[in-house]
There are 2 protein chains.
Amino acid sequence: MKPQGSSEPVGLALPSPYLLFLGDVTTAAYAKTAFGLRDWAGDKCIGEFALPGATVTTGLPAMTPADALKAGAKSLVIGIANEGGKIPASWIPALVEAIEIGLDIVSGMHVRLASVPAVREAAQRCGRALIDVRTPPPGIQVGSGRKRSGKRLLTVGTDCALGKKYTALAIAWALQDRGVPADFRATGQTGIMIAGSGMPMDAVVSDFLSGAAEMISPAAPADHWDIIEGQGSLYHPGFAGVSLGLLHGSQPDVFVVCHDPTRTEIVGLPGLPLPSLEELIELTLTLGHRVNPAIRCGGISLNTSALSESEAADAIADTSAAIGLPAADPLRGGPEFDRLVDSCLA
Amino acid sequence: MKPQGSSEPVGLALPSPYLLFLGDVTTAAYAKTAFGLRDWAGDKCIGEFALPGATVTTGLPAMTPADALKAGAKSLVIGIANEGGKIPASWIPALVEAIEIGLDIVSGMHVRLASVPAVREAAQRCGRALIDVRTPPPGIQVGSGRKRSGKRLLTVGTDCALGKKYTALAIAWALQDRGVPADFRATGQTGIMIAGSGMPMDAVVSDFLSGAAEMISPAAPADHWDIIEGQGSLYHPGFAGVSLGLLHGSQPDVFVVCHDPTRTEIVGLPGLPLPSLEELIELTLTLGHRVNPAIRCGGISLNTSALSESEAADAIADTSAAIGLPAADPLRGGPEFDRLVDSCLA
């Protein structure tokens, strides 16, 4: 991770470098945490450790826990996000081996590491830490809505899982490249592992939602930007409460709308259409105005991973023309993305 | 409590009748839980039990725990909502006495009963239950947004603490009086004690907010109404996430806007104006449409407790004329309230 503009610690702090654990994964989609770490925190990742039977690889060097410890690793990070967030029995001997070698364990699963008896006992015996990044830190207050110094940008989405984290990371890095003091603020388990700290918004008790968001983007110098990873969607009937608590607590000066132009319905809820970009922009302005009257939309981030290069270029140009704001795919970069960043800073 | 239209159990279930515990309270506002139980669940309340020094009374017969047990009480309910939700040391001997006599303890405090060693030990020794109504039940799922059978009404507010619970109770009772099958669905600690069951929305982990609301208003016969107690306000920067999760999970056919005409700013956040009734109606329609395209506003519930009778009548008439919908103070009743209920059922 690049040097950050603010040294203020927030939320959890994770021991790095990491050894990425892939279990016995055979479906690439389940390894998205490992891929996210490789792509966005490559300098914190020493290698990968998979069980026999695994067919997915991050391309990082294969290492045993003993190899990784010798190479400087401080923790084994579970790089899998499977359905249900469970820890399969087949993983336990490997986790215990890593603990006995001298690594801490970092997990973003719903199941807490200490609830697995063999893992808990090994950690107690060896004096190693078990870190569940989905456990919020203590001391979260009710949100006040009071304006804080510094600038804030929040990514919002027409749905879940279409690029809010990647967009926030790309914008934070672009600002740092330009010499603008900026921090990526993680709000989900993979983002927290990438940043090494953050707030698991979806695990916070609901009375403290916006207070948790206020806590991870504290008052800062006037020219400093917090680039905050969005969660869910204001139009997602399962998660909109989290999205609104995060919006109110983030009090963004600028938001960037994330969208997948090939998606027409909310994932997992067939028949429920995505909102239009115009609807989402208007609703975000209405709701965000309550905590920051200066809120504005900086532009559109399109996830064009399912499109060819020319299809992507067309989608980006069409979206920008239709909305009247810069549009770009941050992972494709180019002058479109520069213009999107310019617009955010304007 | 009047007989309910649906027998489906949801969330917590509390042992009644109750002995109301007032501690050593000297400020009536702190006894609002006891007053709410007296006003809305009088048939569940056997008496009150106060410590020396208390100056507030509900008007119910004073009883010791032993008297109350003889009269049929099943639990001692802490009727105080003090700041910080703490259990003062001065209360502990009385709680232990009630447990030893044979009563369960019901609490809506933030602090859990079992975290007080003397209370925990007494309950274990005597085999009595310690019930924290702010602890959500297990098994809450992520919200799906899928339409359920039956009718639902949600009270929403321009702020916290201005009558959303009382309005929902009054409407539920009015429907039952008319022979319409209806249940009051509690979403906060006092409401849960009144109803004997419900969901403490502000204590639910945020990922499950709308799922929790779906759980307490399950599919029902087509002519059945769930009258759901609202929480917070979409315009409250501390609690709007809870309000939106509750709105999405409730998928109301009808909402009633609750407002205090003497209030101009959000309580506790000086300088932050209340939204206008028109703004709140429009935003609730926009957000609620996502889960129920037929959503409509049934009218306005005004809390006129700070006004004289003639001032209240003027405020009700002026509001109804300005908004073009029925307005009433449910606690004053009258033909205005009948018209508000008619409008909800229309």
# chains A, B, ... in the order shown; residues from 1 in each chain; ligands from 1
>>> residues_around(residues="Ala13 (chain A)", least_positions_apart="6", cutoff="8 Å", atoms="only C-alpha atoms", output="PyMOL selection string")
chain A and resi 196-198
>>> write_last_selection(atoms="all heavy atoms", output="mmCIF file, in the first residue's frame")
data_model
loop_
_atom_site.group_PDB
_atom_site.id
_atom_site.type_symbol
_atom_site.label_atom_id
_atom_site.label_comp_id
_atom_site.auth_asym_id
_atom_site.auth_seq_id
_atom_site.Cartn_x
_atom_site.Cartn_y
_atom_site.Cartn_z
ATOM 1 N N GLY A 196 -5.516 -2.680 5.883
ATOM 2 C CA GLY A 196 -4.913 -2.994 7.170
ATOM 3 C C GLY A 196 -5.697 -2.419 8.336
ATOM 4 O O GLY A 196 -5.335 -2.618 9.490
ATOM 5 N N SER A 197 -6.769 -1.705 8.040
ATOM 6 C CA SER A 197 -7.626 -1.165 9.097
ATOM 7 C C SER A 197 -8.953 -0.766 8.474
ATOM 8 O O SER A 197 -9.088 -0.747 7.253
ATOM 9 C CB SER A 197 -6.977 0.049 9.771
ATOM 10 O OG SER A 197 -6.913 1.127 8.862
ATOM 11 N N GLY A 198 -9.939 -0.447 9.316
ATOM 12 C CA GLY A 198 -11.239 -0.029 8.787
ATOM 13 C C GLY A 198 -12.379 -0.442 9.692
ATOM 14 O O GLY A 198 -12.167 -0.803 10.849
#
>>> residues_around(residues="Ser301 (chain A)", least_positions_apart="4", cutoff="7 Å", atoms="only C-alpha atoms", output="list in words")
Thr167, Val256, Val257, Cys258, His259, Ala327, Ala328, Asp329 and Pro330 of chain A
>>> write_last_selection(atoms="all heavy atoms", output="PDB file, in the first residue's frame")
ATOM      1  N   THR A 167     -13.241   1.040  -7.063  1.00  0.00           N
ATOM      2  CA  THR A 167     -13.295   2.448  -7.471  1.00  0.00           C
ATOM      3  C   THR A 167     -12.684   3.345  -6.407  1.00  0.00           C
ATOM      4  O   THR A 167     -11.890   4.246  -6.716  1.00  0.00           O
ATOM      5  CB  THR A 167     -14.757   2.854  -7.754  1.00  0.00           C
ATOM      6  OG1 THR A 167     -15.265   2.039  -8.815  1.00  0.00           O
ATOM      7  CG2 THR A 167     -14.862   4.318  -8.132  1.00  0.00           C
ATOM      8  N   VAL A 256     -19.239   9.171  -6.074  1.00  0.00           N
ATOM      9  CA  VAL A 256     -19.075   8.597  -7.407  1.00  0.00           C
ATOM     10  C   VAL A 256     -20.013   7.400  -7.488  1.00  0.00           C
ATOM     11  O   VAL A 256     -20.026   6.547  -6.589  1.00  0.00           O
ATOM     12  CB  VAL A 256     -17.612   8.171  -7.655  1.00  0.00           C
ATOM     13  CG1 VAL A 256     -17.483   7.365  -8.940  1.00  0.00           C
ATOM     14  CG2 VAL A 256     -16.706   9.403  -7.688  1.00  0.00           C
ATOM     15  N   VAL A 257     -20.829   7.360  -8.536  1.00  0.00           N
ATOM     16  CA  VAL A 257     -21.811   6.290  -8.709  1.00  0.00           C
ATOM     17  C   VAL A 257     -21.163   5.121  -9.455  1.00  0.00           C
ATOM     18  O   VAL A 257     -20.624   5.309 -10.550  1.00  0.00           O
ATOM     19  CB  VAL A 257     -23.030   6.789  -9.502  1.00  0.00           C
ATOM     20  CG1 VAL A 257     -23.978   5.634  -9.797  1.00  0.00           C
ATOM     21  CG2 VAL A 257     -23.744   7.880  -8.720  1.00  0.00           C
ATOM     22  N   CYS A 258     -21.214   3.934  -8.870  1.00  0.00           N
ATOM     23  CA  CYS A 258     -20.642   2.734  -9.473  1.00  0.00           C
ATOM     24  C   CYS A 258     -21.765   1.892 -10.076  1.00  0.00           C
ATOM     25  O   CYS A 258     -22.806   1.690  -9.448  1.00  0.00           O
ATOM     26  CB  CYS A 258     -19.893   1.926  -8.418  1.00  0.00           C
ATOM     27  SG  CYS A 258     -18.573   2.877  -7.636  1.00  0.00           S
ATOM     28  N   HIS A 259     -21.504   1.372 -11.280  1.00  0.00           N
ATOM     29  CA  HIS A 259     -22.562   0.715 -12.041  1.00  0.00           C
ATOM     30  C   HIS A 259     -21.941  -0.311 -12.985  1.00  0.00           C
ATOM     31  O   HIS A 259     -20.836  -0.121 -13.485  1.00  0.00           O
ATOM     32  CB  HIS A 259     -23.339   1.776 -12.829  1.00  0.00           C
ATOM     33  CG  HIS A 259     -24.441   1.230 -13.681  1.00  0.00           C
ATOM     34  ND1 HIS A 259     -25.507   0.522 -13.157  1.00  0.00           N
ATOM     35  CD2 HIS A 259     -24.646   1.294 -15.022  1.00  0.00           C
ATOM     36  CE1 HIS A 259     -26.322   0.170 -14.157  1.00  0.00           C
ATOM     37  NE2 HIS A 259     -25.820   0.626 -15.287  1.00  0.00           N
ATOM     38  N   ALA A 327     -17.375   9.837 -17.043  1.00  0.00           N
ATOM     39  CA  ALA A 327     -17.541   8.418 -16.756  1.00  0.00           C
ATOM     40  C   ALA A 327     -16.254   7.709 -17.133  1.00  0.00           C
ATOM     41  O   ALA A 327     -15.552   8.138 -18.065  1.00  0.00           O
ATOM     42  CB  ALA A 327     -18.723   7.836 -17.535  1.00  0.00           C
ATOM     43  N   ALA A 328     -15.931   6.633 -16.409  1.00  0.00           N
ATOM     44  CA  ALA A 328     -14.694   5.898 -16.677  1.00  0.00           C
ATOM     45  C   ALA A 328     -14.781   4.531 -16.033  1.00  0.00           C
ATOM     46  O   ALA A 328     -15.609   4.311 -15.139  1.00  0.00           O
ATOM     47  CB  ALA A 328     -13.493   6.657 -16.104  1.00  0.00           C
ATOM     48  N   ASP A 329     -13.954   3.601 -16.514  1.00  0.00           N
ATOM     49  CA  ASP A 329     -13.716   2.360 -15.779  1.00  0.00           C
ATOM     50  C   ASP A 329     -12.345   2.495 -15.138  1.00  0.00           C
ATOM     51  O   ASP A 329     -11.329   2.468 -15.834  1.00  0.00           O
ATOM     52  CB  ASP A 329     -13.762   1.156 -16.717  1.00  0.00           C
ATOM     53  CG  ASP A 329     -13.577  -0.156 -15.946  1.00  0.00           C
ATOM     54  OD1 ASP A 329     -12.964  -0.122 -14.849  1.00  0.00           O
ATOM     55  OD2 ASP A 329     -14.035  -1.202 -16.432  1.00  0.00           O
ATOM     56  N   PRO A 330     -12.276   2.641 -13.812  1.00  0.00           N
ATOM     57  CA  PRO A 330     -10.982   2.893 -13.165  1.00  0.00           C
ATOM     58  C   PRO A 330      -9.949   1.808 -13.467  1.00  0.00           C
ATOM     59  O   PRO A 330      -8.754   2.096 -13.470  1.00  0.00           O
ATOM     60  CB  PRO A 330     -11.325   2.917 -11.674  1.00  0.00           C
ATOM     61  CG  PRO A 330     -12.782   3.209 -11.612  1.00  0.00           C
ATOM     62  CD  PRO A 330     -13.382   2.618 -12.842  1.00  0.00           C
TER      63      PRO A 330
END
>>> residues_around(residues="Thr135 (chain B)", least_positions_apart="6", cutoff="9 Å", atoms="only C-alpha atoms", output="ChimeraX atom specification")
/B:12,108,112,199-200,203-204
>>> interface_residues(of="chain A", to="chain B", cutoff="8 Å", atoms="only C-alpha atoms", output="number ranges by chain")
A: 142-145, 201-211, 235, 237-245, 248-249, 269, 287, 290-291
>>> select_by_dssp(residues="region 97-244 of chain B", states="alpha helix (DSSP H)", output="number ranges by chain")
B: 97-101, 117-126, 164-177, 189-195, 209-216, 240-244
>>> write_last_selection(atoms="C-alpha atoms", output="compact mmCIF listing (two decimals), in the first residue's frame")
# COMPACT_ATOMS: atom_id res chain seq x y z
CA GLU B 97 -35.25 -9.59 46.29
CA ALA B 98 -37.68 -9.93 43.36
CA ILE B 99 -35.72 -12.86 41.94
CA GLU B 100 -35.60 -14.63 45.30
CA ILE B 101 -39.36 -14.15 45.73
CA PRO B 117 -22.92 -10.33 39.20
CA ALA B 118 -25.40 -10.29 42.12
CA VAL B 119 -28.36 -10.41 39.72
CA ARG B 120 -26.83 -13.18 37.61
CA GLU B 121 -26.02 -15.29 40.69
CA ALA B 122 -29.49 -14.85 42.17
CA ALA B 123 -31.15 -15.85 38.90
CA GLN B 124 -28.98 -18.95 38.59
CA ARG B 125 -29.57 -19.91 42.20
CA CYS B 126 -33.36 -19.44 41.98
CA LYS B 164 -44.61 6.97 16.59
CA LYS B 165 -45.27 4.24 19.17
CA TYR B 166 -48.41 5.85 20.65
CA THR B 167 -49.78 6.51 17.15
CA ALA B 168 -49.25 2.90 16.08
CA LEU B 169 -50.88 1.63 19.27
CA ALA B 170 -53.85 3.97 18.89
CA ILE B 171 -54.40 2.93 15.27
CA ALA B 172 -54.06 -0.78 16.10
CA TRP B 173 -56.66 -0.44 18.87
CA ALA B 174 -58.98 1.58 16.64
CA LEU B 175 -58.84 -1.12 13.98
CA GLN B 176 -59.53 -3.82 16.56
CA ASP B 177 -62.49 -1.76 17.84
CA GLN B 189 -37.92 -1.71 24.07
CA THR B 190 -41.00 0.00 25.54
CA GLY B 191 -43.19 -1.16 22.67
CA ILE B 192 -41.93 -4.72 23.14
CA MET B 193 -42.87 -4.63 26.83
CA ILE B 194 -46.32 -3.27 25.95
CA ALA B 195 -46.98 -5.87 23.27
CA LEU B 209 -31.97 -4.67 9.61
CA SER B 210 -34.63 -5.10 6.95
CA GLY B 211 -34.66 -8.87 7.50
CA ALA B 212 -35.52 -8.24 11.16
CA ALA B 213 -38.42 -6.02 10.09
CA GLU B 214 -39.60 -8.68 7.65
CA MET B 215 -39.53 -11.21 10.51
CA ILE B 216 -41.90 -9.27 12.78
CA ALA B 240 -31.83 7.19 9.51
CA GLY B 241 -30.25 3.83 8.62
CA VAL B 242 -32.51 2.11 11.13
CA SER B 243 -35.52 4.03 9.78
CA LEU B 244 -34.78 2.98 6.19
>>> select_by_dssp(residues="region 269-322 of chain B", states="strand (DSSP E)", output="tab-separated table (two decimals) with all heavy atoms, in the first residue's frame")
chain	number	residue	atom	x	y	z
B	296	ARG	N	-48.73	4.56	0.15
B	296	ARG	CA	-49.34	5.90	0.17
B	296	ARG	C	-49.33	6.43	1.61
B	296	ARG	O	-49.20	5.66	2.57
B	296	ARG	CB	-50.77	5.87	-0.38
B	296	ARG	CG	-51.71	5.04	0.45
B	296	ARG	CD	-53.09	4.92	-0.20
B	296	ARG	NE	-53.89	3.98	0.57
B	296	ARG	CZ	-54.61	4.32	1.66
B	296	ARG	NH1	-54.64	5.58	2.08
B	296	ARG	NH2	-55.30	3.41	2.33
B	297	CYS	N	-49.49	7.75	1.73
B	297	CYS	CA	-49.56	8.38	3.06
B	297	CYS	C	-51.01	8.42	3.50
B	297	CYS	O	-51.88	8.95	2.78
B	297	CYS	CB	-48.97	9.79	3.00
B	297	CYS	SG	-49.01	10.61	4.61
B	298	GLY	N	-51.28	7.88	4.69
B	298	GLY	CA	-52.65	7.87	5.20
B	298	GLY	C	-53.04	9.16	5.90
B	298	GLY	O	-54.23	9.45	6.04
B	299	GLY	N	-52.07	9.93	6.37
B	299	GLY	CA	-52.37	11.17	7.06
B	299	GLY	C	-51.29	11.52	8.06
B	299	GLY	O	-50.22	10.90	8.09
B	300	ILE	N	-51.61	12.50	8.91
B	300	ILE	CA	-50.63	13.08	9.83
B	300	ILE	C	-51.12	12.87	11.26
B	300	ILE	O	-52.27	13.13	11.58
B	300	ILE	CB	-50.47	14.60	9.59
B	300	ILE	CG1	-50.34	14.92	8.10
B	300	ILE	CG2	-49.31	15.15	10.41
B	300	ILE	CD1	-49.12	14.37	7.43
B	301	SER	N	-50.21	12.41	12.12
B	301	SER	CA	-50.48	12.30	13.55
B	301	SER	C	-49.70	13.39	14.26
B	301	SER	O	-48.47	13.40	14.22
B	301	SER	CB	-50.07	10.92	14.06
B	301	SER	OG	-50.16	10.88	15.47
B	302	LEU	N	-50.43	14.32	14.88
B	302	LEU	CA	-49.77	15.43	15.58
B	302	LEU	C	-49.75	15.16	17.08
B	302	LEU	O	-50.77	14.82	17.67
B	302	LEU	CB	-50.52	16.74	15.32
B	302	LEU	CG	-50.43	17.32	13.91
B	302	LEU	CD1	-51.17	18.66	13.87
B	302	LEU	CD2	-48.99	17.51	13.46
>>> closest_residue(among="B:Asp338, B:Glu278, B:Asp39, B:Asp24", to="Trp91 (chain B)", atoms="only C-alpha atoms")
B:Asp24
>>> atom_distance(atom1="CA of Val133 (chain B)", atom2="CA of Ser16 (chain B)")
13.8 Å
>>> closest_residue(among="B:Ser217, B:Thr187, B:Ser250, B:Ser107", to="Ile78 (chain B)", atoms="only C-alpha atoms")
B:Ser107
>>> closest_residue(among="B:Ala182, B:Ile131, B:Leu340, B:Ala94", to="Trp225 (chain B)", atoms="only C-alpha atoms")
B:Ala182
>>> atom_distance(atom1="CA of Pro65 (chain A)", atom2="CA of Gly23 (chain A)")
13.0 Å
>>> closest_residue(among="A:Glu265, A:Glu229, A:Glu83, A:Glu282", to="Ala186 (chain A)", atoms="only C-alpha atoms")
A:Glu229
>>> atom_distance(atom1="CA of Pro221 (chain A)", atom2="CA of Leu37 (chain A)")
28.8 Å
>>> closest_residue(among="B:Leu14, B:Ile105, B:Glu336, B:Asn82", to="Ala317 (chain B)", atoms="only C-alpha atoms")
B:Glu336
>>> decode(residues="region 332-344 of chain B", atoms="all heavy atoms", output="mmCIF file, in the first residue's frame")
data_model
loop_
_atom_site.group_PDB
_atom_site.id
_atom_site.type_symbol
_atom_site.label_atom_id
_atom_site.label_comp_id
_atom_site.auth_asym_id
_atom_site.auth_seq_id
_atom_site.Cartn_x
_atom_site.Cartn_y
_atom_site.Cartn_z
ATOM 1 N N ARG B 332 -56.012 12.643 21.601
ATOM 2 C CA ARG B 332 -57.217 13.466 21.781
ATOM 3 C C ARG B 332 -58.423 12.811 21.095
ATOM 4 O O ARG B 332 -59.563 13.095 21.455
ATOM 5 C CB ARG B 332 -57.004 14.869 21.217
ATOM 6 C CG ARG B 332 -55.949 15.684 21.984
ATOM 7 C CD ARG B 332 -55.850 17.105 21.448
ATOM 8 N NE ARG B 332 -54.734 17.825 22.042
ATOM 9 C CZ ARG B 332 -54.818 18.641 23.094
ATOM 10 N NH1 ARG B 332 -55.981 18.836 23.677
ATOM 11 N NH2 ARG B 332 -53.748 19.253 23.564
ATOM 12 N N GLY B 333 -58.150 11.960 20.105
ATOM 13 C CA GLY B 333 -59.239 11.223 19.450
ATOM 14 C C GLY B 333 -60.162 12.141 18.673
ATOM 15 O O GLY B 333 -59.701 13.064 17.997
ATOM 16 N N GLY B 334 -61.469 11.901 18.775
ATOM 17 C CA GLY B 334 -62.436 12.752 18.094
ATOM 18 C C GLY B 334 -62.640 12.346 16.641
ATOM 19 O O GLY B 334 -62.021 11.398 16.159
ATOM 20 N N PRO B 335 -63.523 13.078 15.943
ATOM 21 C CA PRO B 335 -63.828 12.732 14.551
ATOM 22 C C PRO B 335 -62.605 12.851 13.649
ATOM 23 O O PRO B 335 -62.518 12.157 12.631
ATOM 24 C CB PRO B 335 -64.918 13.752 14.165
ATOM 25 C CG PRO B 335 -64.856 14.832 15.186
ATOM 26 C CD PRO B 335 -64.333 14.214 16.436
ATOM 27 N N GLU B 336 -61.659 13.737 14.022
ATOM 28 C CA GLU B 336 -60.449 13.854 13.199
ATOM 29 C C GLU B 336 -59.694 12.526 13.168
ATOM 30 O O GLU B 336 -59.192 12.099 12.124
ATOM 31 C CB GLU B 336 -59.525 14.952 13.743
ATOM 32 C CG GLU B 336 -60.062 16.370 13.604
ATOM 33 C CD GLU B 336 -61.020 16.737 14.718
ATOM 34 O OE1 GLU B 336 -61.206 15.916 15.653
ATOM 35 O OE2 GLU B 336 -61.604 17.836 14.650
ATOM 36 N N PHE B 337 -59.609 11.891 14.349
ATOM 37 C CA PHE B 337 -58.875 10.616 14.392
ATOM 38 C C PHE B 337 -59.639 9.528 13.626
ATOM 39 O O PHE B 337 -59.035 8.704 12.934
ATOM 40 C CB PHE B 337 -58.613 10.193 15.842
ATOM 41 C CG PHE B 337 -57.801 8.930 15.948
ATOM 42 C CD1 PHE B 337 -56.553 8.818 15.337
ATOM 43 C CD2 PHE B 337 -58.281 7.822 16.653
ATOM 44 C CE1 PHE B 337 -55.804 7.642 15.425
ATOM 45 C CE2 PHE B 337 -57.540 6.649 16.751
ATOM 46 C CZ PHE B 337 -56.301 6.560 16.132
ATOM 47 N N ASP B 338 -60.968 9.554 13.735
ATOM 48 C CA ASP B 338 -61.755 8.589 12.946
ATOM 49 C C ASP B 338 -61.471 8.752 11.454
ATOM 50 O O ASP B 338 -61.338 7.773 10.719
ATOM 51 C CB ASP B 338 -63.257 8.781 13.192
ATOM 52 C CG ASP B 338 -63.654 8.371 14.609
ATOM 53 O OD1 ASP B 338 -62.914 7.565 15.217
ATOM 54 O OD2 ASP B 338 -64.684 8.863 15.102
ATOM 55 N N ARG B 339 -61.372 10.026 11.016
ATOM 56 C CA ARG B 339 -61.105 10.263 9.595
ATOM 57 C C ARG B 339 -59.701 9.798 9.204
ATOM 58 O O ARG B 339 -59.491 9.288 8.100
ATOM 59 C CB ARG B 339 -61.280 11.752 9.267
ATOM 60 C CG ARG B 339 -62.747 12.167 9.132
ATOM 61 C CD ARG B 339 -62.893 13.520 8.439
ATOM 62 N NE ARG B 339 -62.487 14.628 9.291
ATOM 63 C CZ ARG B 339 -63.294 15.246 10.170
ATOM 64 N NH1 ARG B 339 -64.557 14.871 10.302
ATOM 65 N NH2 ARG B 339 -62.841 16.234 10.905
ATOM 66 N N LEU B 340 -58.750 9.964 10.133
ATOM 67 C CA LEU B 340 -57.394 9.476 9.853
ATOM 68 C C LEU B 340 -57.408 7.954 9.686
ATOM 69 O O LEU B 340 -56.792 7.407 8.754
ATOM 70 C CB LEU B 340 -56.441 9.898 10.982
ATOM 71 C CG LEU B 340 -55.012 9.347 10.929
ATOM 72 C CD1 LEU B 340 -54.304 9.758 9.645
ATOM 73 C CD2 LEU B 340 -54.202 9.830 12.136
ATOM 74 N N VAL B 341 -58.132 7.264 10.566
ATOM 75 C CA VAL B 341 -58.208 5.798 10.465
ATOM 76 C C VAL B 341 -58.948 5.391 9.183
ATOM 77 O O VAL B 341 -58.516 4.471 8.473
ATOM 78 C CB VAL B 341 -58.886 5.212 11.722
ATOM 79 C CG1 VAL B 341 -59.111 3.707 11.560
ATOM 80 C CG2 VAL B 341 -58.043 5.492 12.963
ATOM 81 N N ASP B 342 -60.027 6.108 8.865
ATOM 82 C CA ASP B 342 -60.729 5.833 7.594
ATOM 83 C C ASP B 342 -59.766 5.935 6.416
ATOM 84 O O ASP B 342 -59.773 5.087 5.520
ATOM 85 C CB ASP B 342 -61.855 6.863 7.357
ATOM 86 C CG ASP B 342 -63.013 6.704 8.334
ATOM 87 O OD1 ASP B 342 -63.124 5.625 8.954
ATOM 88 O OD2 ASP B 342 -63.807 7.661 8.479
ATOM 89 N N SER B 343 -58.970 6.968 6.427
ATOM 90 C CA SER B 343 -58.049 7.200 5.315
ATOM 91 C C SER B 343 -57.025 6.071 5.211
ATOM 92 O O SER B 343 -56.668 5.640 4.110
ATOM 93 C CB SER B 343 -57.343 8.542 5.522
ATOM 94 O OG SER B 343 -56.236 8.665 4.668
ATOM 95 N N CYS B 344 -56.552 5.570 6.360
ATOM 96 C CA CYS B 344 -55.583 4.470 6.342
ATOM 97 C C CYS B 344 -56.210 3.211 5.743
ATOM 98 O O CYS B 344 -55.545 2.459 5.028
ATOM 99 C CB CYS B 344 -55.067 4.185 7.747
ATOM 100 S SG CYS B 344 -54.077 5.540 8.432
#
